[in-house]
>>> print(open('coords-v4.csv').read())   # CSV, C-alpha atoms (C1' of nucleotides)
chain,number,residue,atom,x,y,z
C,20,MET,CA,-2.0,6.0,3.0
C,21,ASN,CA,-2.9,2.5,2.1
C,22,LEU,CA,-6.1,1.3,0.6
C,23,ARG,CA,-5.9,-2.0,2.4
C,24,ARG,CA,-6.2,-0.2,5.7
C,25,LEU,CA,-9.3,1.7,4.6
C,26,GLU,CA,-10.9,-1.6,3.5
C,27,THR,CA,-10.0,-3.1,6.8
C,28,PHE,CA,-11.6,-0.1,8.6
C,29,LEU,CA,-14.8,-0.5,6.6
C,30,ALA,CA,-14.9,-4.2,7.2
C,31,ILE,CA,-14.5,-3.8,11.0
C,32,VAL,CA,-17.3,-1.2,11.0
C,33,ASP,CA,-19.6,-3.3,8.9
C,34,ALA,CA,-18.8,-6.6,10.7
C,35,GLY,CA,-19.1,-5.0,14.1
C,36,THR,CA,-16.0,-6.6,15.6
C,37,VAL,CA,-12.4,-7.3,14.5
C,38,THR,CA,-13.1,-11.0,14.9
C,39,ALA,CA,-16.1,-11.0,12.6
C,40,ALA,CA,-14.2,-8.9,10.1
C,41,SER,CA,-11.3,-11.3,10.1
C,42,VAL,CA,-13.7,-14.1,9.2
C,43,TYR,CA,-15.1,-12.1,6.4
C,44,LEU,CA,-11.7,-11.0,5.1
C,45,GLN,CA,-10.2,-14.5,5.7
C,46,ALA,CA,-7.4,-12.9,7.7
C,47,GLY,CA,-6.1,-13.1,11.3
C,48,GLN,CA,-7.4,-10.8,14.0
C,49,PRO,CA,-3.9,-9.6,14.8
C,50,ALA,CA,-3.4,-8.4,11.2
C,51,LEU,CA,-6.5,-6.3,11.3
C,52,THR,CA,-5.8,-4.9,14.7
C,53,LYS,CA,-2.4,-3.8,13.5
C,54,GLN,CA,-3.7,-2.4,10.3
C,55,LEU,CA,-6.3,-0.4,12.2
C,56,LYS,CA,-3.6,0.9,14.6
C,57,ALA,CA,-1.5,1.8,11.7
C,58,LEU,CA,-4.3,3.7,10.1
C,59,GLU,CA,-5.1,5.6,13.3
C,60,SER,CA,-1.5,6.3,13.8
C,61,GLU,CA,-1.1,7.6,10.2
C,62,LEU,CA,-4.2,9.8,10.5
C,63,GLY,CA,-3.1,10.9,14.0
C,64,LEU,CA,-6.7,10.2,15.0
C,65,GLN,CA,-8.5,7.6,17.0
C,66,LEU,CA,-11.4,6.1,15.0
C,67,PHE,CA,-12.6,3.8,17.8
C,68,ASP,CA,-12.9,3.8,21.5
C,69,HIS,CA,-10.4,1.1,22.6
C,70,GLU,CA,-11.4,1.2,26.2
C,71,SER,CA,-13.9,-1.7,26.6
C,72,ASN,CA,-13.1,-5.2,25.3
C,73,ARG,CA,-15.3,-4.3,22.2
C,74,LEU,CA,-14.4,-1.5,19.7
C,75,HIS,CA,-16.9,1.3,19.4
C,76,LEU,CA,-16.8,3.8,16.5
C,77,ASN,CA,-16.3,7.3,18.0
C,78,ALA,CA,-17.3,10.7,16.6
C,79,ALA,CA,-14.1,11.1,14.5
C,80,GLY,CA,-14.6,7.6,13.1
C,81,ARG,CA,-18.2,8.5,12.1
C,82,GLU,CA,-16.9,11.5,10.3
C,83,VAL,CA,-14.2,9.6,8.4
C,84,LEU,CA,-16.3,6.7,7.6
C,85,PRO,CA,-18.3,8.1,4.6
C,86,MET,CA,-15.1,9.4,3.0
C,87,ALA,CA,-13.4,6.1,3.3
C,88,ARG,CA,-16.4,4.4,1.8
C,89,HIS,CA,-16.4,6.8,-1.1
C,90,ILE,CA,-12.7,6.2,-1.8
C,91,VAL,CA,-13.1,2.4,-1.7
C,92,GLN,CA,-16.1,2.6,-3.9
C,93,CYS,CA,-14.3,4.8,-6.5
C,94,VAL,CA,-11.4,2.3,-6.5
C,95,ASN,CA,-13.9,-0.6,-7.2
C,96,GLU,CA,-15.5,1.4,-10.0
C,97,MET,CA,-12.1,2.0,-11.5
C,98,LYS,CA,-11.4,-1.7,-11.4
C,99,SER,CA,-14.7,-2.4,-13.1
C,100,SER,CA,-14.0,0.1,-15.8
C,101,VAL,CA,-10.6,-1.4,-16.4
C,102,GLN,CA,-12.2,-4.8,-16.8
C,103,LEU,CA,-14.7,-3.3,-19.2
C,104,ILE,CA,-11.8,-1.7,-21.2
C,105,THR,CA,-10.0,-5.0,-21.5
C,106,SER,CA,-13.2,-6.8,-22.5
C,107,ASN,CA,-13.8,-4.3,-25.3
C,108,ARG,CA,-10.2,-4.5,-26.3
C,109,HIS,CA,-10.5,-8.3,-26.7
C,110,ALA,CA,-13.8,-8.0,-28.5
C,111,SER,CA,-12.5,-5.5,-31.1
Y,14,MET,CA,-4.4,-1.8,-5.4
Y,15,ASN,CA,-1.9,0.6,-4.0
Y,16,LEU,CA,-2.5,4.4,-3.8
Y,17,ARG,CA,1.3,5.0,-4.1
Y,18,ARG,CA,1.1,3.5,-7.6
Y,19,LEU,CA,-1.8,5.7,-8.6
Y,20,GLU,CA,0.1,8.8,-7.4
Y,21,THR,CA,3.2,7.6,-9.3
Y,22,PHE,CA,1.0,7.2,-12.4
Y,23,LEU,CA,-0.3,10.8,-12.1
Y,24,ALA,CA,3.2,12.2,-11.4
Y,25,ILE,CA,4.6,10.5,-14.6
Y,26,VAL,CA,1.7,11.8,-16.7
Y,27,ASP,CA,2.0,15.3,-15.3
Y,28,ALA,CA,5.8,15.5,-15.4
Y,29,GLY,CA,5.9,14.0,-18.9
Y,30,THR,CA,8.8,11.6,-18.1
Y,31,VAL,CA,9.7,9.1,-15.4
Y,32,THR,CA,12.9,11.1,-14.9
Y,33,ALA,CA,11.0,14.3,-14.3
Y,34,ALA,CA,8.6,12.6,-12.0
Y,35,SER,CA,11.4,11.1,-10.0
Y,36,VAL,CA,12.8,14.6,-9.4
Y,37,TYR,CA,9.4,15.8,-8.4
Y,38,LEU,CA,8.7,12.9,-6.1
Y,39,GLN,CA,12.3,12.8,-4.8
Y,40,ALA,CA,12.6,9.1,-5.7
Y,41,GLY,CA,14.7,7.0,-8.1
Y,42,GLN,CA,13.7,6.3,-11.7
Y,43,PRO,CA,13.9,2.5,-11.2
Y,44,ALA,CA,11.4,2.7,-8.3
Y,45,LEU,CA,8.9,4.6,-10.5
Y,46,THR,CA,9.4,2.3,-13.4
Y,47,LYS,CA,8.7,-0.7,-11.3
Y,48,GLN,CA,5.7,0.9,-9.6
Y,49,LEU,CA,4.3,1.7,-13.0
Y,50,LYS,CA,4.9,-1.8,-14.3
Y,51,ALA,CA,3.3,-3.2,-11.1
Y,52,LEU,CA,0.2,-1.0,-11.7
Y,53,GLU,CA,-0.1,-2.1,-15.3
Y,54,SER,CA,0.4,-5.7,-14.3
Y,55,GLU,CA,-2.2,-5.4,-11.6
Y,56,LEU,CA,-4.7,-3.8,-13.9
Y,57,GLY,CA,-3.8,-6.2,-16.7
Y,58,LEU,CA,-3.6,-3.2,-18.9
Y,59,GLN,CA,-0.9,-1.2,-20.5
Y,60,LEU,CA,-1.3,2.5,-19.7
Y,61,PHE,CA,1.7,3.8,-21.8
Y,62,ASP,CA,3.3,2.8,-25.0
Y,63,HIS,CA,6.7,1.5,-24.0
Y,64,GLU,CA,8.1,1.3,-27.5
Y,65,SER,CA,10.1,4.4,-27.9
Y,66,ASN,CA,12.6,5.6,-25.4
Y,67,ARG,CA,9.9,8.0,-24.1
Y,68,LEU,CA,6.7,6.9,-22.6
Y,69,HIS,CA,3.5,7.9,-24.3
Y,70,LEU,CA,0.1,7.7,-22.6
Y,71,ASN,CA,-2.1,5.4,-24.7
Y,72,ALA,CA,-5.9,5.3,-25.1
Y,73,ALA,CA,-6.4,3.0,-22.1
Y,74,GLY,CA,-4.2,5.3,-20.0
Y,75,ARG,CA,-6.3,8.3,-21.0
Y,76,GLU,CA,-9.4,6.5,-19.9
Y,77,VAL,CA,-8.0,5.5,-16.5
Y,78,LEU,CA,-6.4,8.8,-15.8
Y,79,PRO,CA,-9.4,10.8,-14.7
Y,80,MET,CA,-10.5,8.0,-12.4
Y,81,ALA,CA,-7.1,7.8,-10.8
Y,82,ARG,CA,-7.1,11.6,-10.4
Y,83,HIS,CA,-10.4,11.5,-8.7
Y,84,ILE,CA,-9.3,8.8,-6.2
Y,85,VAL,CA,-6.1,10.6,-5.3
Y,86,GLN,CA,-8.1,13.9,-4.9
Y,87,CYS,CA,-10.6,12.2,-2.6
Y,88,VAL,CA,-7.8,10.8,-0.5
Y,89,ASN,CA,-6.2,14.2,-0.2
Y,90,GLU,CA,-9.6,15.7,0.8
Y,91,MET,CA,-9.9,13.0,3.5
Y,92,LYS,CA,-6.5,13.9,4.8
Y,93,SER,CA,-7.5,17.6,5.0
Y,94,SER,CA,-10.7,16.7,6.7
Y,95,VAL,CA,-8.8,14.7,9.3
Y,96,GLN,CA,-6.5,17.6,9.9
Y,97,LEU,CA,-9.5,19.8,10.4
Y,98,ILE,CA,-11.0,17.4,12.8
Y,99,THR,CA,-7.9,17.2,14.9
Y,100,SER,CA,-7.5,21.0,14.8
Y,101,ASN,CA,-11.1,21.4,16.1
Y,102,ARG,CA,-10.5,18.7,18.6
Y,103,HIS,CA,-7.5,20.6,20.0
Y,104,ALA,CA,-9.4,23.9,20.0
Y,105,SER,CA,-12.3,22.5,22.0
P,19,DC,C1',-14.6,-18.0,32.1
P,20,DA,C1',-15.9,-16.9,27.4
P,21,DT,C1',-15.2,-13.4,24.2
P,22,DG,C1',-12.6,-10.1,22.0
P,23,DC,C1',-8.6,-7.0,21.4
P,24,DT,C1',-3.6,-6.6,21.7
P,25,DT,C1',1.4,-7.7,21.8
P,26,DA,C1',5.7,-10.6,20.7
P,27,DC,C1',8.1,-12.8,17.6
P,28,DG,C1',9.8,-15.3,13.5
P,29,DG,C1',9.5,-15.8,8.6
P,30,DA,C1',8.1,-14.2,4.1
P,31,DT,C1',7.2,-10.7,1.0
P,32,DC,C1',7.7,-6.2,-0.9
P,33,DA,C1',10.0,-1.7,-2.0
P,34,DC,C1',13.7,1.0,-2.5
P,35,DG,C1',18.5,2.7,-4.0
P,36,DT,C1',22.9,2.0,-6.4
P,37,DA,C1',24.8,0.3,-10.3
P,38,DA,C1',24.9,-1.4,-14.8
P,39,DC,C1',22.6,-1.9,-19.2
P,40,DC,C1',19.7,-1.0,-23.4
P,41,DA,C1',17.3,1.8,-26.8
P,42,DT,C1',16.4,5.9,-29.5
P,43,DG,C1',16.6,10.6,-31.6
Q,10,DC,C1',26.4,10.4,-27.6
Q,11,DA,C1',23.0,12.5,-24.7
Q,12,DT,C1',18.6,11.3,-22.8
Q,13,DG,C1',15.4,8.3,-20.9
Q,14,DG,C1',13.7,3.8,-19.6
Q,15,DT,C1',14.7,-0.9,-17.8
Q,16,DT,C1',16.9,-4.8,-15.3
Q,17,DA,C1',19.9,-6.9,-11.5
Q,18,DC,C1',20.9,-7.2,-7.0
Q,19,DG,C1',21.5,-6.5,-2.2
Q,20,DT,C1',19.5,-4.3,1.8
Q,21,DG,C1',15.9,-2.4,4.8
Q,22,DA,C1',11.2,-2.0,5.9
Q,23,DT,C1',6.6,-4.0,6.0
Q,24,DC,C1',3.0,-7.5,6.7
Q,25,DC,C1',1.2,-11.7,8.1
Q,26,DG,C1',0.3,-15.8,10.9
Q,27,DT,C1',1.0,-18.4,15.3
Q,28,DA,C1',1.2,-18.1,19.9
Q,29,DA,C1',0.7,-15.9,24.2
Q,30,DG,C1',-1.3,-12.3,27.1
Q,31,DC,C1',-4.7,-9.0,28.8
Q,32,DA,C1',-9.2,-7.0,29.8
Q,33,DT,C1',-14.2,-7.0,30.4
Q,34,DG,C1',-19.0,-8.5,30.8
>>> encode(input="coords-v4.csv", output="structure tokens")
Amino acid sequence: MNLRRLETFLAIVDAGTVTAASVYLQAGQPALTKQLKALESELGLQLFDHESNRLHLNAAGREVLPMARHIVQCVNEMKSSVQLITSNRHAS
Amino acid sequence: MNLRRLETFLAIVDAGTVTAASVYLQAGQPALTKQLKALESELGLQLFDHESNRLHLNAAGREVLPMARHIVQCVNEMKSSVQLITSNRHAS
DNA sequence: CATGCTTACGGATCACGTAACCATG
DNA sequence: CATGGTTACGTGATCCGTAAGCATG
């Protein structure tokens, strides 16, 4: 399980398309497509309908989404806490 | 930020030594040492005292520990939920 | 035919395992 | 000197970006 893939998943959901997410993340579309496929493969679960030429979040994706958000949020909070620790360490 | 590194961190704390953690994780000591160093480098923060020939969790490590545990726990819960989803999917 | 996703492929980076080394109790 | 951690190094896997291809509205 890779955090980068979860962040990519969230970015694609929030941006609406892989293309828009790639602009936001300053990465190439192919990279995001492959990360998403890797995530779906790893979970053994399709998160989007890949049938049309646009991706659509499916039922499973909607169930996984809040958990992925929570994990990424916790990671960001940990990063903030670490920065706080180092700041206090320097202040003391 | 890599989840594998957090899991390694927890394993080292729980097992007490890198050696014991490497047995538990079925990996080599060098790999765990390097993952730990990578994590500390990434956070910009020493989590252990590296002075003796045994690692000792320091104050910063004790602060980060519960957050790391929470993140890993959330990831495991997500994995379980995904398995549940796929089970139900197969049942229906 | 414009938009958006996917696949192919080459290069770079990362991660591991074996082996050798260093430090401490 | 036994135990535990670290460094060196070569190999295998992973990831990305460019380029090309495919599908749909």
>>> residues_around(input="coords-v4.csv", residues="region 38-48 of chain Y", least_positions_apart="3", cutoff="7 Å", atoms="all atoms listed in the file", output="compact mmCIF listing (two decimals) with C-alpha atoms (C1' of nucleotides), in the frame of the given file")
# COMPACT_ATOMS: atom_id res chain seq x y z
CA ARG Y 18 1.10 3.50 -7.60
CA THR Y 21 3.20 7.60 -9.30
CA VAL Y 31 9.70 9.10 -15.40
CA THR Y 32 12.90 11.10 -14.90
CA ALA Y 34 8.60 12.60 -12.00
CA SER Y 35 11.40 11.10 -10.00
CA ALA Y 51 3.30 -3.20 -11.10
CA LEU Y 52 0.20 -1.00 -11.70
C1' DC P 34 13.70 1.00 -2.50
>>> residues_around(input="coords-v4.csv", residues="Thr99 (chain Y)", least_positions_apart="2", cutoff="12 Å", atoms="all atoms listed in the file", output="ChimeraX atom specification")
/C:62-66,78-80,82-83 /Y:92-97,101-105
>>> interface_residues(input="coords-v4.csv", of="chain Q", to="chain C", cutoff="8 Å", atoms="all atoms listed in the file", output="list of chain:residue names")
Q:DC24, Q:DC25, Q:DG26, Q:DA32, Q:DT33
>>> interface_residues(input="coords-v4.csv", of="chain P", to="chain Y", cutoff="8 Å", atoms="all atoms listed in the file", output="VMD selection string")
chain P and resid 33 to 35 41 to 42
>>> interface_residues(input="coords-v4.csv", of="chain Y", to="chain C", cutoff="7 Å", atoms="all atoms listed in the file", output="PyMOL selection string")
chain Y and resi 14-16+56+80+84+87-88+91+95
>>> atom_distance(input="coords-v4.csv", atom1="C1' of DA11 (chain Q)", atom2="CA of Thr30 (chain Y)")
15.7 Å
>>> residues_around(input="coords-v4.csv", residues="DA26 (chain P)", least_positions_apart="5", cutoff="12 Å", atoms="only C-alpha atoms (C1' of nucleotides)", output="list in words")
Pro49 of chain C; DT27, DA28, DA29 and DG30 of chain Q
>>> atom_distance(input="coords-v4.csv", atom1="CA of Phe22 (chain Y)", atom2="CA of Glu59 (chain C)")
26.5 Å
>>> atom_distance(input="coords-v4.csv", atom1="C1' of DA37 (chain P)", atom2="CA of Ala33 (chain Y)")
20.1 Å
